[in-house]
>>> print(open('data-v7.cif').read())   # mmCIF, C-alpha atoms
data_upload
loop_
_atom_site.label_atom_id
_atom_site.label_comp_id
_atom_site.auth_asym_id
_atom_site.auth_seq_id
_atom_site.Cartn_x
_atom_site.Cartn_y
_atom_site.Cartn_z
CA MET X 429 -2.49 -39.95 21.10
CA CYS X 430 -0.93 -40.14 17.61
CA LEU X 431 2.49 -41.23 16.41
CA GLY X 432 3.51 -37.66 15.62
CA LYS X 433 2.68 -36.39 19.08
CA GLU X 434 4.49 -39.26 20.79
CA THR X 435 7.52 -38.83 18.53
CA ALA X 436 7.58 -35.11 19.40
CA ARG X 437 7.31 -35.88 23.10
CA ARG X 438 10.23 -38.31 22.95
CA LEU X 439 12.45 -35.97 20.95
CA LEU X 440 11.70 -33.11 23.33
CA ALA X 441 12.72 -35.36 26.20
CA ALA X 442 15.98 -36.09 24.35
CA GLY X 443 16.77 -32.37 24.20
CA HIS X 444 15.52 -31.42 20.74
CA THR X 445 13.55 -28.29 19.92
CA VAL X 446 10.51 -29.66 18.11
CA TYR X 447 8.17 -27.98 15.62
CA ILE X 448 4.90 -29.82 15.03
CA GLY X 449 3.35 -29.09 11.65
CA ALA X 450 -0.21 -27.71 11.76
CA ARG X 451 0.03 -27.04 15.48
CA PHE X 452 3.13 -24.95 16.26
CA VAL X 453 3.96 -24.31 12.62
CA ARG X 454 1.13 -23.75 10.16
CA ILE X 455 1.71 -26.06 7.22
CA ASP X 456 -0.43 -27.70 4.58
CA VAL X 457 1.77 -30.27 2.86
CA THR X 458 -0.37 -30.09 -0.28
CA ASP X 459 0.24 -26.34 -0.74
CA ASP X 460 3.54 -24.90 -2.03
CA ALA X 461 3.09 -21.48 -0.41
CA SER X 462 2.24 -22.97 2.98
CA VAL X 463 5.28 -25.24 2.95
CA ALA X 464 7.57 -22.40 1.84
CA ALA X 465 6.25 -20.17 4.63
CA ALA X 466 6.88 -22.90 7.21
CA ALA X 467 10.46 -23.32 5.97
CA GLU X 468 11.03 -19.56 6.21
CA GLN X 469 9.68 -19.49 9.75
CA ILE X 470 11.95 -22.30 10.92
CA ALA X 471 14.94 -20.78 9.13
CA ALA X 472 14.30 -17.52 11.00
CA ASP X 473 14.09 -19.45 14.27
CA GLY X 474 17.53 -20.98 13.79
CA GLY X 475 17.35 -23.88 11.35
CA LEU X 476 16.76 -27.61 11.37
CA ASP X 477 18.68 -30.82 12.06
CA VAL X 478 15.93 -33.45 11.69
CA LEU X 479 12.87 -33.67 9.46
CA VAL X 480 10.24 -36.33 10.19
CA ASN X 481 7.79 -36.72 7.31
CA ASN X 482 4.86 -38.28 9.14
CA VAL X 483 2.16 -37.78 6.52
CA GLY X 484 -0.58 -40.26 5.81
CA VAL X 485 -4.16 -40.40 4.58
CA GLU X 486 -6.17 -43.45 3.58
CA PRO X 487 -9.47 -43.51 1.67
CA ARG X 488 -12.44 -44.79 3.61
CA LEU X 489 -16.04 -45.61 2.72
CA ALA X 490 -19.04 -44.18 4.55
CA ASP X 491 -18.96 -47.11 7.00
CA ASN X 492 -15.22 -46.49 7.61
CA ALA X 493 -14.28 -49.60 5.61
CA ILE X 494 -11.30 -49.49 3.26
CA PRO X 495 -12.34 -49.63 -0.42
CA THR X 496 -10.83 -52.47 -2.43
CA ALA X 497 -8.47 -51.86 -5.33
CA ALA X 498 -11.43 -52.50 -7.67
CA ASP X 499 -13.53 -49.86 -5.91
CA GLU X 500 -11.04 -47.04 -5.42
CA SER X 501 -11.58 -44.21 -7.87
CA ILE X 502 -8.80 -42.39 -9.68
CA GLU X 503 -9.72 -39.36 -7.57
CA ASP X 504 -9.17 -41.42 -4.38
CA VAL X 505 -5.76 -42.56 -5.60
CA ARG X 506 -4.77 -39.04 -6.64
CA ALA X 507 -5.81 -37.58 -3.27
CA THR X 508 -3.83 -40.21 -1.36
CA PHE X 509 -0.70 -39.63 -3.43
CA GLU X 510 -1.07 -35.86 -3.16
CA THR X 511 -0.63 -36.08 0.61
CA ASN X 512 1.38 -39.24 1.19
CA LEU X 513 3.94 -38.89 -1.60
CA PHE X 514 3.85 -35.40 -3.08
CA GLY X 515 3.26 -33.78 0.29
CA GLY X 516 6.32 -35.45 1.78
CA LEU X 517 8.42 -34.59 -1.27
CA ARG X 518 7.24 -30.98 -1.20
CA VAL X 519 8.27 -30.62 2.44
CA THR X 520 11.59 -32.37 1.82
CA ARG X 521 12.47 -30.08 -1.09
CA ALA X 522 11.66 -27.00 0.98
CA PHE X 523 13.68 -28.06 4.01
CA VAL X 524 16.76 -29.64 2.41
CA PRO X 525 18.59 -26.26 2.22
CA LEU X 526 18.18 -25.89 5.99
CA LEU X 527 19.22 -29.48 6.68
CA LEU X 528 22.38 -29.11 4.63
CA LYS X 529 23.53 -26.44 7.08
CA SER X 530 23.37 -28.95 9.95
CA PRO X 531 26.42 -31.01 11.00
CA ALA X 532 24.27 -34.14 11.28
CA PRO X 533 21.11 -33.79 9.15
CA VAL X 534 18.47 -36.51 9.15
CA ILE X 535 15.23 -37.17 7.30
CA VAL X 536 12.85 -39.87 8.52
CA ASN X 537 10.05 -40.84 6.13
CA VAL X 538 7.28 -42.67 7.95
CA SER X 539 6.37 -45.55 5.64
CA SER X 540 4.35 -48.70 6.36
CA GLY X 541 4.59 -52.46 6.33
CA LEU X 542 2.06 -52.24 3.51
CA ALA X 543 4.79 -50.65 1.37
CA SER X 544 6.69 -53.94 1.18
CA LEU X 545 5.71 -55.48 -2.15
CA GLY X 546 7.31 -58.74 -1.05
CA MET X 547 5.09 -59.03 2.01
CA LEU X 548 2.00 -57.60 0.29
CA SER X 549 2.18 -60.34 -2.37
CA ASP X 550 3.01 -63.19 0.03
CA PRO X 551 -0.10 -65.21 1.05
CA ASP X 552 1.67 -65.98 4.30
CA GLY X 553 2.66 -62.34 4.89
CA PHE X 554 0.97 -60.30 7.60
CA THR X 555 -0.12 -57.57 5.15
CA TYR X 556 -1.55 -59.87 2.46
CA PHE X 557 -5.09 -59.36 3.78
CA TYR X 558 -5.10 -55.68 2.79
CA ARG X 559 -7.17 -55.00 -0.35
CA GLY X 560 -6.82 -51.25 -0.78
CA LEU X 561 -4.76 -49.72 -3.59
CA SER X 562 -3.64 -46.15 -3.00
CA TYR X 563 -2.26 -46.37 0.53
CA PRO X 564 0.28 -49.19 -0.05
CA ALA X 565 1.12 -47.83 -3.51
CA SER X 566 1.84 -44.36 -2.12
CA LYS X 567 3.94 -45.73 0.71
CA ALA X 568 5.91 -47.96 -1.70
CA ALA X 569 6.58 -44.82 -3.74
CA ILE X 570 7.88 -43.15 -0.57
CA ASN X 571 10.32 -46.03 -0.17
CA ALA X 572 11.58 -45.56 -3.73
CA ALA X 573 11.88 -41.81 -3.17
CA THR X 574 13.84 -42.46 0.02
CA ILE X 575 16.43 -44.51 -1.85
CA GLN X 576 16.82 -41.94 -4.60
CA LEU X 577 16.96 -38.95 -2.25
CA ALA X 578 19.59 -40.70 -0.13
CA LYS X 579 21.74 -41.02 -3.24
CA ALA X 580 21.07 -37.40 -4.23
CA TYR X 581 21.95 -36.01 -0.77
CA PRO X 582 24.75 -38.18 0.68
CA ALA X 583 25.34 -35.70 3.51
CA ILE X 584 21.84 -36.37 4.89
CA ARG X 585 20.82 -39.61 6.58
CA ILE X 586 17.51 -40.40 4.82
CA ASN X 587 15.56 -43.52 5.77
CA ALA X 588 12.04 -44.95 5.57
CA VAL X 589 10.62 -46.55 8.71
CA GLU X 590 7.77 -48.94 9.39
CA PRO X 591 6.32 -48.11 12.82
CA GLY X 592 4.15 -51.23 12.96
CA PHE X 593 0.38 -51.66 13.24
CA THR X 594 -0.15 -48.91 15.78
CA ASP X 595 -3.36 -47.87 17.51
CA THR X 596 -4.10 -44.52 15.81
CA ASP X 597 -6.96 -42.51 14.33
CA LEU X 598 -5.80 -43.48 10.82
CA ASN X 599 -6.80 -47.12 11.29
CA GLY X 600 -9.79 -46.45 13.51
CA HIS X 601 -7.80 -47.55 16.58
CA THR X 602 -7.61 -51.14 15.39
CA GLY X 603 -3.81 -51.24 15.72
CA THR X 604 -2.30 -53.88 17.95
CA GLN X 605 0.51 -51.85 19.49
CA SER X 606 0.75 -48.58 21.41
CA VAL X 607 1.96 -45.27 20.02
CA GLU X 608 4.90 -45.56 22.43
CA GLU X 609 5.95 -48.77 20.68
CA GLY X 610 5.27 -47.35 17.22
CA ALA X 611 7.30 -44.20 17.81
CA GLU X 612 10.38 -46.15 18.95
CA ILE X 613 11.87 -46.72 15.48
CA ILE X 614 11.03 -43.17 14.35
CA VAL X 615 12.85 -41.67 17.34
CA GLU X 616 15.80 -44.03 16.91
CA MET X 617 16.28 -43.16 13.25
CA ALA X 618 15.76 -39.45 13.92
CA GLN X 619 18.84 -39.44 16.11
CA LEU X 620 21.32 -41.04 13.72
CA GLY X 621 24.81 -39.61 13.57
CA PRO X 622 26.68 -38.55 10.40
CA ASP X 623 27.89 -42.12 9.85
CA GLY X 624 24.48 -43.72 10.35
CA LEU X 625 22.41 -45.74 7.89
CA THR X 626 20.91 -44.07 4.85
CA GLY X 627 18.61 -45.19 2.05
CA THR X 628 17.11 -48.01 4.12
CA TYR X 629 13.62 -49.31 4.93
CA VAL X 630 13.51 -50.57 8.51
CA SER X 631 11.25 -51.49 11.39
CA GLY X 632 12.03 -51.97 15.05
CA HIS X 633 12.91 -55.57 14.15
CA GLY X 634 15.45 -54.67 11.47
CA PRO X 635 15.55 -54.20 7.67
CA LEU X 636 12.40 -54.99 5.67
CA PRO X 637 12.11 -56.44 2.16
CA TYR X 638 11.09 -53.97 -0.51
#
>>> encode(input="data-v7.cif", output="structure tokens")
Amino acid sequence: MCLGKETARRLLAAGHTVYIGARFVRIDVTDDASVAAAAEQIAADGGLDVLVNNVGVEPRLADNAIPTAADESIEDVRATFETNLFGGLRVTRAFVPLLLKSPAPVIVNVSSGLASLGMLSDPDGFTYFYRGLSYPASKAAINAATIQLAKAYPAIRINAVEPGFTDTDLNGHTGTQSVEEGAEIIVEMAQLGPDGLTGTYVSGHGPLPY
């Protein structure tokens, strides 16, 4: 199971109507026309209260190892940013008009602990071991975008979340926690009220250093 599926399951159980991109709604986050068509479909179905941007790709070598920053090509970096950053921004731009019609609109950007520059540069930090370039850089850019979008759209609660090192396909199932545990903070932040936090970067343990 993946984080997106578990998040959808939990939100359905909480009474939400859930659209899953690429399964119930055809959407390619790297394609303007696809994203626009998805927004039109959901608008026709009645609108949107919550957008969860759970997008993430990570370059891998033939043996499934993560290339180091010295080995990643410009093409690798561009491809990662195209999905992780530009894809999320493209979807956000398309769906903001629908969200602004909601009485309690929310955007959750799924970030990563690798996005914390403080932890990534700390020899004692739990992400210091990571040697790849494009994944943490793209997720750090998502954090910056989250702050700026929260200022641009004060009526929308917009936050970045760190789900933790979760057992998923993305990391080859090396994660140390279950998808149920990883989805907890996503579901919590997806259900914020109009007076909830905005412009933050949080995990299930509280705020994280940028």
>>> resolve_selection(input="data-v7.cif", expression="the PyMOL selection byres ((chain X and resi 611-620) around 7)", output="list in words")
Leu431, Glu434, Thr435, Leu439, Val478, Val534, Val536, Val589, Pro591, Val607, Glu608, Glu609, Gly610, Gly621, Pro622, Gly624, Ser631 and Gly632 of chain X
>>> closest_residue(input="data-v7.cif", among="X:Ala497, X:Ala588, X:Ala573, X:Ala565", to="Leu517 (chain X)", atoms="all atoms listed in the file")
X:Ala573
>>> residues_around(input="data-v7.cif", residues="Thr628 (chain X)", least_positions_apart="4", cutoff="12 Å", atoms="only C-alpha atoms", output="mmCIF file with C-alpha atoms, in the coordinates of the input")
data_model
loop_
_atom_site.group_PDB
_atom_site.id
_atom_site.type_symbol
_atom_site.label_atom_id
_atom_site.label_comp_id
_atom_site.auth_asym_id
_atom_site.auth_seq_id
_atom_site.Cartn_x
_atom_site.Cartn_y
_atom_site.Cartn_z
ATOM 1 C CA ILE X 535 15.230 -37.170 7.300
ATOM 2 C CA VAL X 536 12.850 -39.870 8.520
ATOM 3 C CA ASN X 537 10.050 -40.840 6.130
ATOM 4 C CA VAL X 538 7.280 -42.670 7.950
ATOM 5 C CA SER X 539 6.370 -45.550 5.640
ATOM 6 C CA ILE X 570 7.880 -43.150 -0.570
ATOM 7 C CA ASN X 571 10.320 -46.030 -0.170
ATOM 8 C CA ALA X 572 11.580 -45.560 -3.730
ATOM 9 C CA ALA X 573 11.880 -41.810 -3.170
ATOM 10 C CA THR X 574 13.840 -42.460 0.020
ATOM 11 C CA ILE X 575 16.430 -44.510 -1.850
ATOM 12 C CA GLN X 576 16.820 -41.940 -4.600
ATOM 13 C CA LEU X 577 16.960 -38.950 -2.250
ATOM 14 C CA ALA X 578 19.590 -40.700 -0.130
ATOM 15 C CA LYS X 579 21.740 -41.020 -3.240
ATOM 16 C CA ARG X 585 20.820 -39.610 6.580
ATOM 17 C CA ILE X 586 17.510 -40.400 4.820
ATOM 18 C CA ASN X 587 15.560 -43.520 5.770
ATOM 19 C CA ALA X 588 12.040 -44.950 5.570
ATOM 20 C CA VAL X 589 10.620 -46.550 8.710
ATOM 21 C CA GLU X 590 7.770 -48.940 9.390
ATOM 22 C CA MET X 617 16.280 -43.160 13.250
ATOM 23 C CA GLY X 624 24.480 -43.720 10.350
ATOM 24 C CA GLY X 634 15.450 -54.670 11.470
ATOM 25 C CA PRO X 635 15.550 -54.200 7.670
ATOM 26 C CA LEU X 636 12.400 -54.990 5.670
ATOM 27 C CA PRO X 637 12.110 -56.440 2.160
ATOM 28 C CA TYR X 638 11.090 -53.970 -0.510
#
>>> atom_distance(input="data-v7.cif", atom1="CA of Lys567 (chain X)", atom2="CA of Ala543 (chain X)")
5.0 Å
>>> closest_residue(input="data-v7.cif", among="X:Arg559, X:Arg518, X:Lys529, X:His633", to="Val463 (chain X)", atoms="all atoms listed in the file")
X:Arg518
>>> closest_residue(input="data-v7.cif", among="X:Asp623, X:Glu510, X:Asp550, X:Asp491", to="Val457 (chain X)", atoms="all atoms listed in the file")
X:Glu510
>>> closest_residue(input="data-v7.cif", among="X:Arg437, X:Thr508, X:Gly546, X:Asn481", to="Arg521 (chain X)", atoms="only C-alpha atoms")
X:Asn481
>>> residues_near_point(input="data-v7.cif", point="(0.7, -33.9, 4.5)", cutoff="8 Å", atoms="only C-alpha atoms", output="MDAnalysis selection string")
chainID X and resid 456:458 482:484 511:512 515:516
>>> closest_residue(input="data-v7.cif", among="X:Gly541, X:Pro487, X:Gly432, X:Gly560", to="Val446 (chain X)", atoms="only C-alpha atoms")
X:Gly432
>>> closest_residue(input="data-v7.cif", among="X:Val453, X:Pro564, X:Ala471, X:Ala436", to="Ser549 (chain X)", atoms="all atoms listed in the file")
X:Pro564
>>> atom_distance(input="data-v7.cif", atom1="CA of Thr445 (chain X)", atom2="CA of Leu476 (chain X)")
9.2 Å
>>> resolve_selection(input="data-v7.cif", expression="the PyMOL selection byres ((chain X and resi 469) around 12)", output="list in words")
Tyr447, Gly449, Phe452, Val453, Arg454, Ile455, Ser462, Val463, Ala464, Ala465, Ala466, Ala467, Glu468, Ile470, Ala471, Ala472, Asp473, Gly474, Gly475, Leu476, Ala522, Phe523 and Leu526 of chain X
>>> write_last_selection(input="data-v7.cif", atoms="C-alpha atoms", output="mmCIF file, in the coordinates of the input")
data_model
loop_
_atom_site.group_PDB
_atom_site.id
_atom_site.type_symbol
_atom_site.label_atom_id
_atom_site.label_comp_id
_atom_site.auth_asym_id
_atom_site.auth_seq_id
_atom_site.Cartn_x
_atom_site.Cartn_y
_atom_site.Cartn_z
ATOM 1 C CA TYR X 447 8.170 -27.980 15.620
ATOM 2 C CA GLY X 449 3.350 -29.090 11.650
ATOM 3 C CA PHE X 452 3.130 -24.950 16.260
ATOM 4 C CA VAL X 453 3.960 -24.310 12.620
ATOM 5 C CA ARG X 454 1.130 -23.750 10.160
ATOM 6 C CA ILE X 455 1.710 -26.060 7.220
ATOM 7 C CA SER X 462 2.240 -22.970 2.980
ATOM 8 C CA VAL X 463 5.280 -25.240 2.950
ATOM 9 C CA ALA X 464 7.570 -22.400 1.840
ATOM 10 C CA ALA X 465 6.250 -20.170 4.630
ATOM 11 C CA ALA X 466 6.880 -22.900 7.210
ATOM 12 C CA ALA X 467 10.460 -23.320 5.970
ATOM 13 C CA GLU X 468 11.030 -19.560 6.210
ATOM 14 C CA ILE X 470 11.950 -22.300 10.920
ATOM 15 C CA ALA X 471 14.940 -20.780 9.130
ATOM 16 C CA ALA X 472 14.300 -17.520 11.000
ATOM 17 C CA ASP X 473 14.090 -19.450 14.270
ATOM 18 C CA GLY X 474 17.530 -20.980 13.790
ATOM 19 C CA GLY X 475 17.350 -23.880 11.350
ATOM 20 C CA LEU X 476 16.760 -27.610 11.370
ATOM 21 C CA ALA X 522 11.660 -27.000 0.980
ATOM 22 C CA PHE X 523 13.680 -28.060 4.010
ATOM 23 C CA LEU X 526 18.180 -25.890 5.990
#
>>> atom_distance(input="data-v7.cif", atom1="CA of Ile584 (chain X)", atom2="CA of Ala441 (chain X)")
23.2 Å
>>> axis_aligned_box(input="data-v7.cif", around="region 519-522 of chain X", padding_each_side="8 Å", output="AutoDock Vina command-line options")
--center_x 10.4 --center_y -29.7 --center_z 0.7 --size_x 20.2 --size_y 21.4 --size_z 19.5
>>> resolve_selection(input="data-v7.cif", expression="the PyMOL selection byres ((chain X and resi 500) around 10)", output="PyMOL selection string")
chain X and resi 487-489+494-499+501-505+560-562
